[in-house]
Structure formats: structure tokens, C-alpha cells
>>> print(open('my_file32.cif').read())   # mmCIF, C-alpha atoms
data_coords
#
loop_
_atom_site.label_atom_id
_atom_site.label_comp_id
_atom_site.auth_asym_id
_atom_site.auth_seq_id
_atom_site.Cartn_x
_atom_site.Cartn_y
_atom_site.Cartn_z
CA MET C 1 -84.80 50.48 189.39
CA ARG C 2 -85.98 51.73 186.01
CA GLN C 3 -88.19 48.67 185.61
CA ASN C 4 -89.68 49.30 189.06
CA ILE C 5 -90.45 52.91 188.09
CA ILE C 6 -92.07 51.74 184.87
CA ARG C 7 -94.11 49.14 186.73
CA HIS C 8 -95.13 51.74 189.36
CA THR C 9 -96.08 54.26 186.69
CA SER C 10 -98.06 51.65 184.78
CA PHE C 11 -99.84 50.60 187.97
CA THR C 12 -100.68 54.25 188.73
CA TYR C 13 -102.14 54.72 185.26
CA LEU C 14 -104.07 51.48 185.63
CA LYS C 15 -105.52 52.62 188.97
CA SER C 16 -106.49 55.95 187.44
CA ALA C 17 -108.13 54.23 184.49
CA LEU C 18 -110.03 51.86 186.77
CA PHE C 19 -111.07 54.80 188.95
CA VAL C 20 -112.44 56.67 185.93
CA LEU C 21 -114.15 53.52 184.64
CA PHE C 22 -115.72 52.91 188.05
CA PHE C 23 -117.28 56.36 188.16
CA MET C 24 -118.40 56.09 184.55
CA LEU C 25 -120.23 52.90 185.47
CA ILE C 26 -121.72 54.54 188.55
CA ASN C 27 -122.90 57.52 186.51
CA GLU C 28 -124.32 55.20 183.86
CA ALA C 29 -126.21 53.18 186.47
CA PHE C 30 -127.49 56.38 188.02
CA ALA C 31 -128.62 57.71 184.64
CA GLN C 32 -130.56 54.51 183.98
CA LYS C 33 -132.80 55.32 186.95
CA ASN C 34 -134.35 58.16 184.96
CA ARG C 35 -134.65 56.53 181.57
CA LEU C 36 -138.24 56.48 180.48
CA PRO C 37 -139.97 53.16 179.76
CA ASP C 38 -141.33 52.60 176.27
CA TRP C 39 -144.91 53.47 177.28
CA ALA C 40 -144.05 56.91 178.66
CA PHE C 41 -143.93 60.28 176.88
CA GLY C 42 -140.76 62.31 176.65
CA GLY C 43 -138.40 63.59 177.36
CA PHE C 44 -139.60 67.14 177.09
CA LYS C 45 -137.11 69.87 176.25
CA ARG C 46 -137.33 73.47 177.41
CA PRO C 47 -136.62 75.71 174.40
CA ALA C 48 -133.59 77.95 174.89
CA GLY C 49 -134.25 81.61 175.61
CA ILE C 50 -138.05 81.31 175.50
CA ASN C 51 -139.31 80.71 179.04
CA PRO C 52 -141.23 81.96 180.84
CA ILE C 53 -143.73 82.59 178.04
CA ILE C 54 -146.32 84.37 180.21
CA SER C 55 -145.59 86.57 183.22
CA PRO C 56 -147.67 88.98 185.34
CA ASP C 57 -148.72 92.25 183.72
CA SER C 58 -149.57 95.20 185.94
CA THR C 59 -150.77 97.40 183.04
CA THR C 60 -153.87 95.49 181.94
CA ARG C 61 -157.19 96.43 183.51
CA PHE C 62 -160.57 94.75 183.69
CA PHE C 63 -163.94 96.08 184.84
CA ASP C 64 -165.11 93.49 187.33
CA PRO C 65 -168.91 92.97 187.14
CA ILE C 66 -169.17 92.02 190.81
CA LEU C 67 -166.94 94.70 192.31
CA LYS C 68 -168.14 97.22 189.70
CA LYS C 69 -164.68 98.70 189.34
CA GLU C 70 -161.49 98.18 187.35
CA VAL C 71 -158.93 95.72 188.70
CA GLY C 72 -155.41 94.70 187.72
CA TRP C 73 -156.62 91.18 187.04
CA GLU C 74 -153.22 89.64 186.12
CA SER C 75 -150.95 91.90 188.13
CA ASN C 76 -149.80 89.47 190.81
CA ASP C 77 -149.32 86.04 189.22
CA THR C 78 -149.98 84.17 185.96
CA PHE C 79 -149.72 80.39 186.14
CA ASN C 80 -151.34 76.92 185.85
CA PRO C 81 -152.43 76.93 182.17
CA GLY C 82 -154.73 74.78 180.08
CA ALA C 83 -154.12 74.53 176.34
CA ALA C 84 -155.91 73.65 173.09
CA VAL C 85 -155.50 74.04 169.33
CA LEU C 86 -157.88 76.37 167.48
CA ASN C 87 -157.63 77.16 163.75
CA GLY C 88 -154.05 75.97 163.60
CA LYS C 89 -152.91 78.04 166.59
CA ILE C 90 -152.19 77.05 170.17
CA VAL C 91 -154.41 78.79 172.70
CA VAL C 92 -153.37 78.89 176.34
CA LEU C 93 -155.91 79.67 179.04
CA TYR C 94 -153.92 80.72 182.07
CA ARG C 95 -154.88 81.43 185.65
CA ALA C 96 -154.28 85.04 186.60
CA GLU C 97 -154.41 86.50 190.10
CA ASP C 98 -154.98 90.11 191.09
CA LYS C 99 -153.68 91.85 194.20
CA SER C 100 -156.89 91.66 196.21
CA GLY C 101 -155.39 89.57 199.01
CA VAL C 102 -152.24 88.05 200.45
CA GLY C 103 -151.20 84.43 199.90
CA ILE C 104 -152.16 81.61 197.56
CA GLY C 105 -155.93 81.21 197.41
CA PHE C 106 -156.69 84.58 199.01
CA ARG C 107 -156.77 86.60 195.81
CA THR C 108 -159.31 86.39 192.97
CA SER C 109 -158.41 84.24 189.96
CA ARG C 110 -159.62 84.74 186.39
CA LEU C 111 -158.62 83.02 183.15
CA GLY C 112 -156.62 84.87 180.54
CA TYR C 113 -156.34 84.06 176.83
CA ALA C 114 -153.13 83.86 174.81
CA GLU C 115 -152.59 82.47 171.31
CA SER C 116 -149.56 81.52 169.26
CA ALA C 117 -148.78 80.16 165.81
CA ASP C 118 -145.53 78.50 166.89
CA GLY C 119 -146.38 77.58 170.48
CA PHE C 120 -143.62 79.82 171.88
CA HIS C 121 -144.50 83.46 171.21
CA PHE C 122 -147.92 84.47 172.47
CA LYS C 123 -150.27 87.37 171.95
CA ARG C 124 -152.47 87.97 174.98
CA LYS C 125 -155.93 89.47 175.26
CA LYS C 126 -156.07 92.50 177.51
CA THR C 127 -159.07 91.22 179.46
CA PRO C 128 -159.93 87.76 180.88
CA VAL C 129 -162.26 85.45 178.96
CA PHE C 130 -163.52 83.48 181.97
CA TYR C 131 -164.24 84.86 185.43
CA PRO C 132 -166.70 85.07 188.33
CA ALA C 133 -169.75 87.15 187.49
CA ASN C 134 -173.28 87.87 188.68
CA ASP C 135 -174.50 84.55 187.30
CA ASP C 136 -175.84 81.28 188.70
CA GLN C 137 -172.29 80.14 189.57
CA LYS C 138 -171.37 83.12 191.72
CA LYS C 139 -172.00 81.23 194.96
CA TYR C 140 -169.37 78.69 193.93
CA GLU C 141 -166.84 81.10 192.36
CA TRP C 142 -166.76 84.23 194.47
CA PRO C 143 -164.57 85.62 195.92
CA GLY C 144 -161.81 83.08 195.14
CA GLY C 145 -162.51 82.86 191.44
CA CYS C 146 -161.95 80.42 188.59
CA GLU C 147 -158.72 78.44 188.88
CA ASP C 148 -156.51 75.87 187.14
CA PRO C 149 -158.22 75.10 183.80
CA ARG C 150 -157.79 71.84 181.89
CA VAL C 151 -159.04 72.10 178.30
CA ALA C 152 -159.90 69.53 175.62
CA VAL C 153 -161.98 69.42 172.42
CA THR C 154 -164.50 66.99 170.94
CA GLU C 155 -164.31 65.70 167.37
CA ASN C 156 -167.06 68.15 166.36
CA GLY C 157 -165.15 71.15 167.70
CA THR C 158 -166.76 71.75 171.09
CA TYR C 159 -164.18 72.87 173.64
CA VAL C 160 -164.65 71.72 177.23
CA VAL C 161 -162.91 73.28 180.20
CA PHE C 162 -162.78 71.80 183.69
CA TYR C 163 -161.75 74.29 186.35
CA THR C 164 -161.78 74.83 190.08
CA GLN C 165 -164.65 76.92 191.40
CA TRP C 166 -163.24 78.55 194.53
CA ASN C 167 -165.55 80.38 196.93
CA ARG C 168 -162.96 80.11 199.73
CA ASP C 169 -165.10 77.50 201.43
CA VAL C 170 -165.10 74.33 199.29
CA PRO C 171 -163.20 73.86 196.00
CA ARG C 172 -165.37 72.22 193.34
CA LEU C 173 -164.82 71.12 189.77
CA GLY C 174 -166.88 73.18 187.36
CA VAL C 175 -167.36 72.61 183.63
CA ALA C 176 -168.01 74.97 180.74
CA THR C 177 -168.21 74.65 176.94
CA SER C 178 -167.28 76.91 174.04
CA ALA C 179 -166.92 76.99 170.27
CA ASP C 180 -164.08 79.55 170.22
CA LEU C 181 -162.33 79.40 173.64
CA LYS C 182 -163.44 82.98 174.31
CA ASN C 183 -167.19 82.81 174.84
CA TRP C 184 -168.12 80.20 177.42
CA LYS C 185 -171.29 78.62 178.76
CA LYS C 186 -170.98 77.57 182.39
CA HIS C 187 -172.72 74.34 183.36
CA GLY C 188 -171.93 74.31 187.07
CA PRO C 189 -170.33 71.72 189.37
CA ILE C 190 -169.73 68.40 187.63
CA PHE C 191 -170.92 66.27 190.59
CA GLU C 192 -174.06 68.27 191.31
CA ASP C 193 -176.52 65.51 190.37
CA ALA C 194 -174.63 62.24 190.75
CA TYR C 195 -175.74 59.99 193.62
CA HIS C 196 -178.29 62.65 194.66
CA GLY C 197 -175.55 65.23 195.17
CA LYS C 198 -173.56 63.04 197.56
CA PHE C 199 -170.20 64.40 196.37
CA LEU C 200 -171.20 67.98 195.60
CA ASN C 201 -169.92 69.45 198.85
CA ILE C 202 -166.72 67.50 199.28
CA PRO C 203 -163.52 69.21 198.08
CA HIS C 204 -162.77 68.13 194.51
CA LYS C 205 -160.51 69.56 191.81
CA SER C 206 -158.02 68.80 189.00
CA ALA C 207 -159.79 66.93 186.18
CA SER C 208 -157.95 65.18 183.33
CA ILE C 209 -160.41 64.04 180.68
CA LEU C 210 -159.46 61.11 178.43
CA THR C 211 -158.34 62.01 174.90
CA LYS C 212 -156.75 60.29 171.90
CA LEU C 213 -154.86 61.26 168.77
CA LYS C 214 -157.08 60.91 165.68
CA ASN C 215 -156.13 62.10 162.21
CA GLY C 216 -153.43 64.31 163.69
CA LYS C 217 -155.73 65.93 166.26
CA GLN C 218 -156.02 65.32 169.99
CA VAL C 219 -159.72 64.86 170.74
CA ILE C 220 -161.93 63.68 173.60
CA THR C 221 -162.73 59.98 173.37
CA LYS C 222 -164.85 57.29 175.02
CA ILE C 223 -164.19 53.86 176.54
CA ASN C 224 -167.03 51.35 176.31
CA GLY C 225 -169.45 54.11 175.35
CA LYS C 226 -168.58 56.47 178.22
CA TYR C 227 -166.45 59.56 178.62
CA TRP C 228 -163.78 59.10 181.27
CA MET C 229 -161.81 61.47 183.42
CA TYR C 230 -159.27 61.23 186.19
CA TRP C 231 -159.52 63.76 188.98
CA GLY C 232 -158.21 64.51 192.43
CA GLU C 233 -155.52 66.30 194.37
CA LEU C 234 -154.49 63.93 197.18
CA HIS C 235 -155.47 60.63 195.55
CA VAL C 236 -156.38 60.01 191.91
CA TYR C 237 -160.02 59.06 191.34
CA ALA C 238 -162.12 58.58 188.20
CA ALA C 239 -165.53 59.63 186.90
CA THR C 240 -167.68 58.86 183.86
CA SER C 241 -170.20 60.80 181.84
CA ALA C 242 -172.63 60.45 178.94
CA ASN C 243 -172.75 64.15 178.04
CA LEU C 244 -169.46 65.76 179.25
CA VAL C 245 -171.37 67.94 181.72
CA ASP C 246 -172.85 65.59 184.33
CA TRP C 247 -170.26 63.27 185.86
CA ALA C 248 -170.51 60.32 188.24
CA PRO C 249 -167.48 59.40 190.37
CA VAL C 250 -166.32 55.79 190.21
CA VAL C 251 -167.06 54.25 193.62
CA ASN C 252 -166.45 51.05 195.55
CA THR C 253 -169.22 48.60 196.40
CA ASP C 254 -169.78 50.45 199.67
CA GLY C 255 -170.27 53.77 197.86
CA THR C 256 -166.93 55.31 198.82
CA LEU C 257 -164.66 56.88 196.22
CA LYS C 258 -162.37 54.39 194.50
CA GLU C 259 -158.72 55.40 194.90
CA LEU C 260 -156.72 54.56 191.77
CA ILE C 261 -153.29 55.80 192.80
CA SER C 262 -152.11 57.44 196.00
CA PRO C 263 -148.99 59.08 197.44
CA ARG C 264 -145.98 56.77 197.97
CA LYS C 265 -143.62 57.06 200.91
CA GLY C 266 -140.07 57.84 199.78
CA TYR C 267 -141.01 59.02 196.29
CA PHE C 268 -141.42 62.41 194.58
CA ASP C 269 -145.21 61.99 194.90
CA SER C 270 -145.13 61.18 198.62
CA GLU C 271 -147.65 63.86 199.64
CA LEU C 272 -149.96 64.46 196.66
CA THR C 273 -150.83 62.86 193.33
CA GLU C 274 -152.71 65.62 191.50
CA CYS C 275 -154.04 65.14 187.97
CA GLY C 276 -152.50 67.19 185.17
CA PRO C 277 -153.39 67.77 181.49
CA PRO C 278 -155.87 65.58 179.58
CA ALA C 279 -155.06 61.88 179.81
CA LEU C 280 -154.05 60.18 176.57
CA LEU C 281 -155.16 56.84 175.11
CA THR C 282 -152.26 55.09 173.37
CA ASP C 283 -151.67 51.61 171.96
CA LYS C 284 -149.86 50.68 175.20
CA GLY C 285 -152.57 51.97 177.52
CA ILE C 286 -153.85 55.23 179.02
CA ILE C 287 -151.22 57.70 180.17
CA LEU C 288 -152.19 59.98 183.03
CA PHE C 289 -149.86 62.94 183.39
CA TYR C 290 -149.91 64.13 186.98
CA ASN C 291 -148.25 66.40 189.51
CA GLY C 292 -146.51 64.84 192.48
CA LYS C 293 -145.77 66.80 195.62
CA ASN C 294 -142.72 65.66 197.57
CA LYS C 295 -143.26 65.42 201.31
CA ALA C 296 -140.75 67.27 203.44
CA GLY C 297 -138.77 65.16 205.89
CA ALA C 298 -138.09 61.45 206.16
CA ASP C 299 -141.15 60.30 204.19
CA GLY C 300 -140.20 62.17 201.01
CA ASP C 301 -137.58 61.59 198.32
CA LYS C 302 -134.47 63.33 199.60
CA ARG C 303 -133.19 63.86 196.06
CA PHE C 304 -135.85 66.52 195.58
CA ASN C 305 -136.71 69.59 197.56
CA GLY C 306 -139.30 69.13 200.28
CA ASN C 307 -142.78 70.35 199.21
CA SER C 308 -141.67 70.71 195.59
CA TYR C 309 -143.98 69.73 192.74
CA CYS C 310 -142.59 67.47 189.99
CA ALA C 311 -144.29 65.86 186.99
CA GLY C 312 -145.03 62.14 186.74
CA GLN C 313 -146.82 59.68 184.46
CA ALA C 314 -149.01 56.69 185.28
CA LEU C 315 -150.19 53.94 182.94
CA PHE C 316 -153.75 52.56 183.07
CA ASP C 317 -155.38 49.68 181.22
CA LYS C 318 -156.92 50.89 177.95
CA ASN C 319 -159.89 48.54 178.36
CA ASP C 320 -160.35 49.21 182.07
CA PRO C 321 -159.41 52.88 182.75
CA ALA C 322 -159.73 52.34 186.52
CA LYS C 323 -156.97 49.71 186.54
CA ASN C 324 -153.51 51.15 187.18
CA ILE C 325 -150.64 49.16 185.65
CA THR C 326 -147.55 51.12 186.66
CA ARG C 327 -146.10 54.61 187.06
CA LEU C 328 -142.77 56.37 186.92
CA ASP C 329 -140.66 56.21 190.07
CA VAL C 330 -138.74 59.35 189.08
CA PRO C 331 -140.31 62.52 187.62
CA PHE C 332 -139.76 63.31 183.96
CA LEU C 333 -139.90 67.06 184.65
CA ARG C 334 -138.81 68.80 187.85
CA PRO C 335 -138.00 72.36 188.98
CA MET C 336 -134.63 73.30 187.48
CA ALA C 337 -134.74 76.82 186.04
CA ALA C 338 -134.58 79.83 188.36
CA PHE C 339 -138.16 80.89 187.57
CA GLU C 340 -139.36 77.37 188.45
CA LYS C 341 -137.82 77.65 191.91
CA SER C 342 -138.60 81.25 192.86
CA GLY C 343 -141.89 83.08 192.98
CA GLN C 344 -145.11 82.75 194.92
CA TYR C 345 -144.30 79.10 195.72
CA VAL C 346 -140.69 79.09 196.90
CA ASN C 347 -140.18 75.32 197.21
CA GLY C 348 -140.14 74.89 193.44
CA THR C 349 -142.94 73.92 191.07
CA VAL C 350 -143.44 72.59 187.58
CA PHE C 351 -147.21 72.17 187.62
CA ILE C 352 -148.37 70.58 184.35
CA GLU C 353 -151.91 71.33 183.15
CA GLY C 354 -151.96 71.86 179.37
CA MET C 355 -150.66 69.63 176.60
CA VAL C 356 -151.43 69.79 172.87
CA TYR C 357 -150.32 68.08 169.67
CA HIS C 358 -149.09 70.69 167.18
CA ARG C 359 -146.91 70.28 164.10
CA GLN C 360 -146.19 66.64 164.99
CA LYS C 361 -144.82 67.59 168.40
CA TRP C 362 -146.27 67.69 171.91
CA PHE C 363 -146.27 71.06 173.66
CA LEU C 364 -146.52 70.88 177.45
CA TYR C 365 -147.53 74.05 179.30
CA TYR C 366 -147.00 74.34 183.03
CA GLY C 367 -147.06 76.70 185.97
CA CYS C 368 -143.75 77.80 187.51
CA ALA C 369 -143.67 78.40 191.26
CA ASP C 370 -147.34 79.53 191.06
CA SER C 371 -146.09 82.70 189.35
CA ARG C 372 -145.42 82.22 185.63
CA VAL C 373 -146.12 79.97 182.64
CA ALA C 374 -143.53 77.97 180.71
CA VAL C 375 -143.41 75.43 177.87
CA ALA C 376 -141.48 72.23 177.16
CA VAL C 377 -141.64 70.21 173.93
CA TYR C 378 -141.53 66.48 173.18
CA ASP C 379 -140.53 65.59 169.63
CA PRO C 380 -141.32 61.86 169.12
CA LYS C 381 -138.78 61.73 166.27
CA HIS C 382 -136.03 63.25 168.39
CA PRO C 383 -136.92 62.78 172.08
CA ALA C 384 -134.85 64.63 174.65
CA ALA C 385 -133.63 63.08 177.87
CA PRO C 386 -135.92 63.43 180.90
CA ASP C 387 -134.81 65.85 183.57
CA PRO C 388 -131.84 64.57 185.60
CA VAL C 389 -132.55 63.44 189.12
CA ASN C 390 -130.34 66.07 190.73
#
>>> encode(input="my_file32.cif", output="C-alpha cells")
Amino acid sequence: MRQNIIRHTSFTYLKSALFVLFFMLINEAFAQKNRLPDWAFGGFKRPAGINPIISPDSTTRFFDPILKKEVGWESNDTFNPGAAVLNGKIVVLYRAEDKSGVGIGFRTSRLGYAESADGFHFKRKKTPVFYPANDDQKKYEWPGGCEDPRVAVTENGTYVVFYTQWNRDVPRLGVATSADLKNWKKHGPIFEDAYHGKFLNIPHKSASILTKLKNGKQVITKINGKYWMYWGELHVYAATSANLVDWAPVVNTDGTLKELISPRKGYFDSELTECGPPALLTDKGIILFYNGKNKAGADGDKRFNGNSYCAGQALFDKNDPAKNITRLDVPFLRPMAAFEKSGQYVNGTVFIEGMVYHRQKWFLYYGCADSRVAVAVYDPKHPAAPDPVN
């Protein structure tokens, strides 16, 4: 009898051990699904106790040149930031909405300025540095405003911002240049002249210009003598330029826009593939950081909330920027924190737009639920794990 008890007890322990081992193997296999390939960046870590770094401020006022009155220009929401390095500091240009309307896109957006020595603690200007005015771009920018900046810098120190000009009719990509990120010269819609204006009046937004790391600085670069950018909200397209201001979309032989990547049924990017911060040329290829919107219902990835925005990466050929090689099947950053899942956009959003190289680390700035700004950091020497799948 005693031997039977011992055998039974041993068998019970063995079953328990096998049970634990089974689930360890399952968890390990599951974790492998979100391990980044060697070409990808990350993982990015959210610093503890820091986020959100920029939130709405109802106390700041701005005298609007069109309305000819003071407005609470950043009182409703502050989100979707571009970023650059200036004089050793990180500057974030963030989209700020007033309370002039109800709902996303029905208020006026202006761009605020915030700077930081460490990338975490920011000092903000009390007035916007970029906004609709009584200038030659008013017809494109009023009353919706200037939205969603992506910022990069040339080797000679010229800053270039691509932003959405929103007149509440057609969204267009506009471009402006600056030497100090505060005083800007607007150059108008980027597709105004290409192909006799063929693409001027089609909706276009979200431009990620190609950059590279040179002598410790992230700067705009060329491929085969041309500047390149990726752009688009539904599909990802490309465009080239000789002067950073006038851009020509890459087209098929029949003159239609060439789609480089598109939404995928059953994945986190099943509804939209929208370009993020400046693309990056690496020794393994060109990395495009983009925002994927998950389609609600059967066509989306059920592991993520329907209509949520998560962050992905796609790899393109470094000699042929229009040739896609692969992309992540699982996002490297997804809505997890409370402020990423509650706000103006209730389905959850981490909307990446700004990324800079600072102190040998990569600082990624993103919009949270269309309401606030947050930061996550990738340390190449000590990379964090990508966000878990669920």
C-alpha cells in the first residue's frame, strides 16, 4: 500500500511538472511571435513616471490673426508630435487643438513648441510657432489648421516639416523650412506642380522623409541623387524630390499611384497603413515606421482592440526604396497605458510621428488617444522587449 501511495504521489508530481512545463513551452512559443527580427528597431521602453509628457493647457492664450481675438489654442487636446534635435536639445512640435468645434477634425489645429535637455522634461512656449494665418496658404489651412507634423534636418542645418493642411475639404501635405524650428517659411502643397498638378486635389497626408545616421546625427539623405519620402494614410506610397519642396509621387506605367504596402486582412494594420516618423536608412535596408489601424470585426486582428492604432515597421530595399522586403506581423508598440486608451480617441492609440537620436539612444514621440503626447526610448546597447501581444 505504501509503495502504491508513493507511486501515486510521484505520478501526481510528474503530471504537475509536465503541466507546468507544457504551459512554459506555450508561453515561450507565444512570446516568440513578438520577438523583433534583426533588422527592426526596438524594443522601446516607456520611462517610469514620466508619461504623458505634454497634456492640454487651458491657461495659455494666443491672438489668432484670422479671428482677430485670443483663443485657448491648446486647451482641448495636444497630440501627434514631430521631433528634432537643435543645439543639443530635443524639440517637439506638437499638434494642439482649441475648443472651436466638436469632434476630431472640427477644431482648429496649431503647432506648439517644447524643448528638453533630457528628452523627458519639457519647457513649452506659451504661443504656437506654426499656424494658419492671412498668408498664401490660408485657402489650404483654414479653418481646420496645421496638423500632424513630421520633422527632419539636412546636413547643413535646415529643418524641414511636412504637415497636413486641413481646410475641412481636402487634406494636403504642406512643407515648410526653418533654421531654428520657431520661424518657418511655408512653401505650400508638396504636389502642387508635379504632373501638372494631377495630384494636388486628391487627399494626401502623413509624409516620412528618408534619413540616415551620420556622425552621430540623424539627417536627411538621398538615394541615387534624389530625396525620398514615404507618404499615405490608407496605402503607403512614395515620392521623390530634387529640392525638398517640390515632390513627384512615384507612379505606375499607367500614371496611377504606386502602392508599396497596403492593409492586410487579419493583422493589426488591417484598415490603414499610415506613415510615421522619418524613415531610416540602415545597413540592412530602409526602415519605415508606420501606424497600423486594426479593423473592427472579422477582418481585423482579434488580439487587439477594433479601430485601435498600433505601431509597425516595414523594411525596404536600400538601393530601390520602392521595393518592400518585409514587415512586422505584430506591432512593436500598442496602446497599454490608461492615457493611451482613453481620451478623444477611445479605441486606443499610440500614433508615432517623431523620432530622434539623442545621447546614443532613440527617442520616439507619439500621440496618445488623440489627446496627449508620450515618449518611449530604444537603447541599442540594452534593448527592451517589444510590447506584449495582449
>>> closest_residue(input="my_file32.cif", among="C:Tyr365, C:Tyr230, C:Phe199, C:Tyr309", to="Gly255 (chain C)", atoms="only C-alpha atoms")
C:Phe199
>>> atom_distance(input="my_file32.cif", atom1="CA of Lys381 (chain C)", atom2="CA of Tyr290 (chain C)")
23.6 Å
>>> closest_residue(input="my_file32.cif", among="C:Asn215, C:Thr108, C:Ser178, C:Asn34", to="Tyr357 (chain C)", atoms="only C-alpha atoms")
C:Asn215
>>> resolve_selection(input="my_file32.cif", expression="the PyMOL selection byres ((chain C and resi 337) around 10)", output="list in words")
Arg46, Asn51, Pro52, Arg334, Pro335, Met336, Ala338, Phe339, Glu340, Lys341, Ser342, Gly348, Val350 and Cys368 of chain C
>>> atom_distance(input="my_file32.cif", atom1="CA of Ser262 (chain C)", atom2="CA of Tyr237 (chain C)")
9.3 Å
>>> closest_residue(input="my_file32.cif", among="C:Trp231, C:Tyr94, C:Trp166, C:Tyr159", to="Lys138 (chain C)", atoms="only C-alpha atoms")
C:Trp166
>>> decode(input="my_file32.cif", residues="region 292-310 of chain C", atoms="N, CA and C atoms", output="PDB file, in the first residue's frame")
ATOM      1  N   GLY C 292      -0.499  51.382 -37.855  1.00  0.00           N
ATOM      2  CA  GLY C 292      -1.495  50.474 -38.399  1.00  0.00           C
ATOM      3  C   GLY C 292      -2.799  50.578 -37.629  1.00  0.00           C
ATOM      4  N   LYS C 293      -3.885  50.715 -38.353  1.00  0.00           N
ATOM      5  CA  LYS C 293      -5.199  50.738 -37.710  1.00  0.00           C
ATOM      6  C   LYS C 293      -5.839  49.366 -37.864  1.00  0.00           C
ATOM      7  N   ASN C 294      -6.311  48.822 -36.754  1.00  0.00           N
ATOM      8  CA  ASN C 294      -6.905  47.491 -36.738  1.00  0.00           C
ATOM      9  C   ASN C 294      -8.389  47.574 -37.066  1.00  0.00           C
ATOM     10  N   LYS C 295      -8.813  46.840 -38.056  1.00  0.00           N
ATOM     11  CA  LYS C 295     -10.209  46.884 -38.478  1.00  0.00           C
ATOM     12  C   LYS C 295     -11.087  46.156 -37.467  1.00  0.00           C
ATOM     13  N   ALA C 296     -12.189  46.760 -37.122  1.00  0.00           N
ATOM     14  CA  ALA C 296     -13.130  46.116 -36.215  1.00  0.00           C
ATOM     15  C   ALA C 296     -13.836  44.968 -36.927  1.00  0.00           C
ATOM     16  N   GLY C 297     -14.104  43.884 -36.183  1.00  0.00           N
ATOM     17  CA  GLY C 297     -14.828  42.765 -36.768  1.00  0.00           C
ATOM     18  C   GLY C 297     -13.912  41.655 -37.250  1.00  0.00           C
ATOM     19  N   ALA C 298     -14.450  40.822 -38.121  1.00  0.00           N
ATOM     20  CA  ALA C 298     -13.780  39.590 -38.530  1.00  0.00           C
ATOM     21  C   ALA C 298     -12.505  39.830 -39.321  1.00  0.00           C
ATOM     22  N   ASP C 299     -12.374  40.967 -39.993  1.00  0.00           N
ATOM     23  CA  ASP C 299     -11.208  41.195 -40.846  1.00  0.00           C
ATOM     24  C   ASP C 299      -9.993  41.717 -40.082  1.00  0.00           C
ATOM     25  N   GLY C 300     -10.176  42.073 -38.800  1.00  0.00           N
ATOM     26  CA  GLY C 300      -9.065  42.583 -38.016  1.00  0.00           C
ATOM     27  C   GLY C 300      -8.361  41.497 -37.224  1.00  0.00           C
ATOM     28  N   ASP C 301      -7.352  41.905 -36.456  1.00  0.00           N
ATOM     29  CA  ASP C 301      -6.648  41.004 -35.556  1.00  0.00           C
ATOM     30  C   ASP C 301      -7.360  41.059 -34.204  1.00  0.00           C
ATOM     31  N   LYS C 302      -7.968  39.955 -33.819  1.00  0.00           N
ATOM     32  CA  LYS C 302      -8.809  39.934 -32.624  1.00  0.00           C
ATOM     33  C   LYS C 302      -8.015  40.083 -31.332  1.00  0.00           C
ATOM     34  N   ARG C 303      -6.694  40.018 -31.416  1.00  0.00           N
ATOM     35  CA  ARG C 303      -5.871  40.213 -30.231  1.00  0.00           C
ATOM     36  C   ARG C 303      -5.766  41.687 -29.830  1.00  0.00           C
ATOM     37  N   PHE C 304      -6.202  42.554 -30.741  1.00  0.00           N
ATOM     38  CA  PHE C 304      -6.127  43.991 -30.485  1.00  0.00           C
ATOM     39  C   PHE C 304      -7.510  44.608 -30.628  1.00  0.00           C
ATOM     40  N   ASN C 305      -7.705  45.696 -29.944  1.00  0.00           N
ATOM     41  CA  ASN C 305      -9.000  46.354 -29.958  1.00  0.00           C
ATOM     42  C   ASN C 305      -9.351  46.824 -31.372  1.00  0.00           C
ATOM     43  N   GLY C 306     -10.612  46.660 -31.744  1.00  0.00           N
ATOM     44  CA  GLY C 306     -11.062  47.157 -33.031  1.00  0.00           C
ATOM     45  C   GLY C 306     -10.898  48.657 -33.131  1.00  0.00           C
ATOM     46  N   ASN C 307     -10.388  49.140 -34.273  1.00  0.00           N
ATOM     47  CA  ASN C 307     -10.149  50.559 -34.553  1.00  0.00           C
ATOM     48  C   ASN C 307      -8.986  51.154 -33.771  1.00  0.00           C
ATOM     49  N   SER C 308      -8.225  50.329 -33.072  1.00  0.00           N
ATOM     50  CA  SER C 308      -7.055  50.848 -32.357  1.00  0.00           C
ATOM     51  C   SER C 308      -5.901  51.081 -33.333  1.00  0.00           C
ATOM     52  N   TYR C 309      -5.012  51.999 -32.961  1.00  0.00           N
ATOM     53  CA  TYR C 309      -3.810  52.272 -33.732  1.00  0.00           C
ATOM     54  C   TYR C 309      -2.600  51.707 -32.991  1.00  0.00           C
ATOM     55  N   CYS C 310      -1.825  50.874 -33.683  1.00  0.00           N
ATOM     56  CA  CYS C 310      -0.593  50.304 -33.141  1.00  0.00           C
ATOM     57  C   CYS C 310       0.554  50.648 -34.088  1.00  0.00           C
TER      58      CYS C 310
END
